[in-house]
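Read the structure below first, then the notes.
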Amino acid sequence: MLEAFAYFKWELKLIFRTGGSLVNVVGFFTIFVLLFPIGISFDSDNLSKITPIILWISSLLSVLIALDRFFLLDEEDGTLEYISLSALPMETIILIKMISHWLTTGLPLTILSPLFALTLNLPFQSYGWLLISLLIGTPALSFIGAIGASLTLSTRRGSLLTALIVLPLYVPTLIFGIKLIELSIIGESIISAFLLLSATTLLSLVIAPFISAIAIRIHWKY
Amino acid sequence: MSIWKFANPNIFLKWSTKVIPICAGTALILLVVGLVWGGLLTPEDFRQGTTVKILFVHVPSAFLAINIYFMMFMASLIWLIKRHHVSALAAKAAAPIGVSMTLIALATGAIWGQPMWGTPWVWDPRLTSFAVMLIFYISYIALWSTVNNRDKAADLSSILCLTGSVFAVLSRYAVNFWDKGLHQGASLSLDKEEHISNEFFFPLLVCMGGFVCLFLTLVLIRTQTEIRNQRIISLLRTEGFNK
């Protein structure tokens, strides 16, 4: 437990001190959000209908772009192999990496999302649900992303392949997350979408560390 | 003597060479009978007219598109548990056929949809889940082709297939939640109300049998090719060629 906590602290410190990664994610998020109104129209009535879609797809793509550094950097300089020799099981290491990845991608986007929602005319009653939707939905993006990143670890320059693998896996999360906000906009009960979104996140939390651990062991085996 | 004996590549090559002509012949007969019966001898639907006959290609290909993924799931599972190389190669061989079947189902649906729905494509749950499934197939094939080591590629793509099927099922029901669709419900079911009339049902059954036999033929041929391909590669390696 103590080792896990130490590794978690070290991992976070590393991400923050490498610098730029947090700025990158937020920057990409801003650009994606900016592109949608330019592409569609500046008509604010039109825009408020698709605000949840814009915010969700922007955060999805920002997380996707940040998936590159999930395992690759640690694998290239041998850190991952070194840590795997410690008392921590591979699954725990990946769980910690997933959580720290979410803390540096999904969480900042969630915190910033109301600000962007303001520019996109989200109806007032939906701000809370927007936060909740992204708060319980974005972890699933990092968890599922870990699967994709570990599967493509053996391929050089596999980031395109990672996107191809991960994007279809994101479909349920995206649907439930957007539906939650949309239901809150039209003032209906959100409980079904809320429960399904939580279930998706919990499912990916349960299966992702094990699948990624198996994939990384395969990567080292051959 | 167990069923796993047949998974030995040598024995597989032997029995599949015998089975392929039988499968191909059955496929040919069933497809000709089914398509002629369905295409020429069934009455026209009172509302859809003659366009209803695209059903005899659309339903079997859609049926196969889903079940080929299931077959790949089983083959991947067998590869991961029992480590039979033929199993991994069969999954690899089946994937492009799955892509073709998905594309055929989407194309015939679009051709039928233009006169009937007035649009070739709607973002309907069934159509969308087929589009998602197409990406599942493509990512599976892409992973196979990018990893150099064969066993590693087999392992990783098997895991992708298993993970993918969990999320494919989830997506299938998620899109139902997302939107109510234009596509009709299941036409082939035990429920009398939804079942299509016998006039169409029996030729459709023949067509589906023909498509399944066609798939078996193709997958056996492709698996044989894969096995021989691997043998050539290992032969070249022992002979000292760098490939």
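Within each chain, counting starts at residue 1; across the structure tokens, chains are named A, B, ... in the order shown, with ligands numbered 1 upward in that order.
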Counting only C-alpha atoms, which residues of chain B fall within 9 Å of chain A, and what is the closest atom pair for each with its distance in Å at one decimal, ordered by chain and rising number, as CSV?
residue,atom,partner,partner_atom,distance
B:Val132,CA,A:Pro168,CA,6.1
B:Met133,CA,A:Pro168,CA,8.1
B:Ile135,CA,A:Pro168,CA,6.6
B:Phe136,CA,A:Pro168,CA,6.6
B:Ile138,CA,A:Leu164,CA,8.2
B:Ser139,CA,A:Ile165,CA,5.3
B:Tyr140,CA,A:Ile165,CA,7.7
B:Ala142,CA,A:Leu161,CA,7.2
B:Leu143,CA,A:Leu161,CA,7.2
B:Thr146,CA,A:Thr155,CA,6.3
B:Val147,CA,A:Thr155,CA,5.7
B:Asn148,CA,A:Thr155,CA,8.1
B:Asn149,CA,A:Tyr222,CA,7.6
B:Asp151,CA,A:Tyr222,CA,8.0
B:Lys152,CA,A:Tyr222,CA,6.5
B:Asp155,CA,A:Ile218,CA,7.1
B:Leu156,CA,A:Leu151,CA,6.1
B:Ser157,CA,A:Leu151,CA,8.1
B:Ile159,CA,A:Ile211,CA,7.5
B:Leu160,CA,A:Leu151,CA,7.5
B:Thr163,CA,A:Ile211,CA,8.0
B:Gly164,CA,A:Leu169,CA,6.9
B:Phe167,CA,A:Leu169,CA,5.8
B:Ala168,CA,A:Leu169,CA,7.6
B:Leu170,CA,A:Pro172,CA,6.4
B:Ser171,CA,A:Pro172,CA,5.1
B:Arg172,CA,A:Pro172,CA,8.6
B:Tyr173,CA,A:Pro172,CA,8.5
B:Ala174,CA,A:Pro172,CA,5.5
B:Val175,CA,A:Ile175,CA,7.3
B:Phe177,CA,A:Phe176,CA,8.2
B:Trp178,CA,A:Ile175,CA,6.3
Polymer residues at most 9 Å from Pro114 of chain A, only C-alpha atoms, same-chain spacing of 6 or more positions, as a ChimeraX atom specification: /A:122,127-128,130-131
Best match for closeness to Ala149 of chain A among A:Leu134, A:Leu35, A:Leu115, A:Met98, counting only C-alpha atoms: A:Met98
Atom pair atom CA of Leu214 of chain B / atom CA of Ile233 of chain B: separation (Å): 28.5 Å
Contacts of Gly106 of chain A within 9 Å, only C-alpha atoms, excl. fewer than 4 positions in-chain, as a VMD selection string: chain A and resid 59 to 60 62 to 63 101 to 102 110 to 111 134 to 135 137 to 139 141 to 142
Atomic distance atom CA of Ile15 of chain A - atom CA of Ser100 of chain A, expressed in Å with one decimal: 8.4 Å
Segment 94-126 of chain B near segment 218-223 of chain B within 12 Å: what's each residue's closest atom pair and its distance in Å to one decimal, counting only C-alpha atoms, ordered by chain then ascending residue number, as a Markdown table?
| residue | atom | partner | partner_atom | distance |
| --- | --- | --- | --- | --- |
| B:Ala94 | CA | B:Val219 | CA | 5.6 |
| B:Ala95 | CA | B:Val219 | CA | 9.2 |
| B:Pro96 | CA | B:Val219 | CA | 9.6 |
| B:Ile97 | CA | B:Val219 | CA | 7.7 |
| B:Gly98 | CA | B:Val219 | CA | 10.2 |
| B:Ser100 | CA | B:Leu218 | CA | 11.8 |
Using only N, CA and C atoms, please write the residues we just selected to a file, as an mmCIF file, in the first residue's frame.
data_model
loop_
_atom_site.group_PDB
_atom_site.id
_atom_site.type_symbol
_atom_site.label_atom_id
_atom_site.label_comp_id
_atom_site.auth_asym_id
_atom_site.auth_seq_id
_atom_site.Cartn_x
_atom_site.Cartn_y
_atom_site.Cartn_z
ATOM 1 N N ALA B 94 -10.683 -14.889 -40.905
ATOM 2 C CA ALA B 94 -12.110 -14.566 -40.939
ATOM 3 C C ALA B 94 -12.367 -13.061 -40.986
ATOM 4 N N ALA B 95 -11.428 -12.265 -40.443
ATOM 5 C CA ALA B 95 -11.695 -10.827 -40.296
ATOM 6 C C ALA B 95 -12.004 -10.121 -41.618
ATOM 7 N N PRO B 96 -11.210 -10.297 -42.687
ATOM 8 C CA PRO B 96 -11.555 -9.603 -43.938
ATOM 9 C C PRO B 96 -12.899 -10.042 -44.511
ATOM 10 N N ILE B 97 -13.259 -11.322 -44.295
ATOM 11 C CA ILE B 97 -14.573 -11.774 -44.753
ATOM 12 C C ILE B 97 -15.655 -11.045 -43.969
ATOM 13 N N GLY B 98 -15.400 -10.865 -42.666
ATOM 14 C CA GLY B 98 -16.349 -10.105 -41.845
ATOM 15 C C GLY B 98 -16.524 -8.687 -42.355
ATOM 16 N N SER B 100 -16.107 -7.674 -45.436
ATOM 17 C CA SER B 100 -16.889 -7.703 -46.679
ATOM 18 C C SER B 100 -18.366 -7.888 -46.385
#
Distance criterion (only C-alpha atoms): nearest to Ile94 of chain A out of A:Val26, A:Ala146, A:Ile57, A:Leu107: A:Ala146
Which of B:Ile3, B:Val57, B:Leu40, B:Val32 sits closest to Met208 of chain B [using only C-alpha atoms]: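 Closest residue, counting only C-alpha atoms: B:Val57.
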Counting only C-alpha atoms, the residue of A:Leu195, A:Val206, A:Glu91, A:Leu103 that sits nearest Lys13 of chain A: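 Looking at the shortest contact to Lys13 of chain A, the residue is A:Leu103.
Atom CA of Cys213 of chain B is positioned 6.8 Å from atom CA of Ala24 of chain B.
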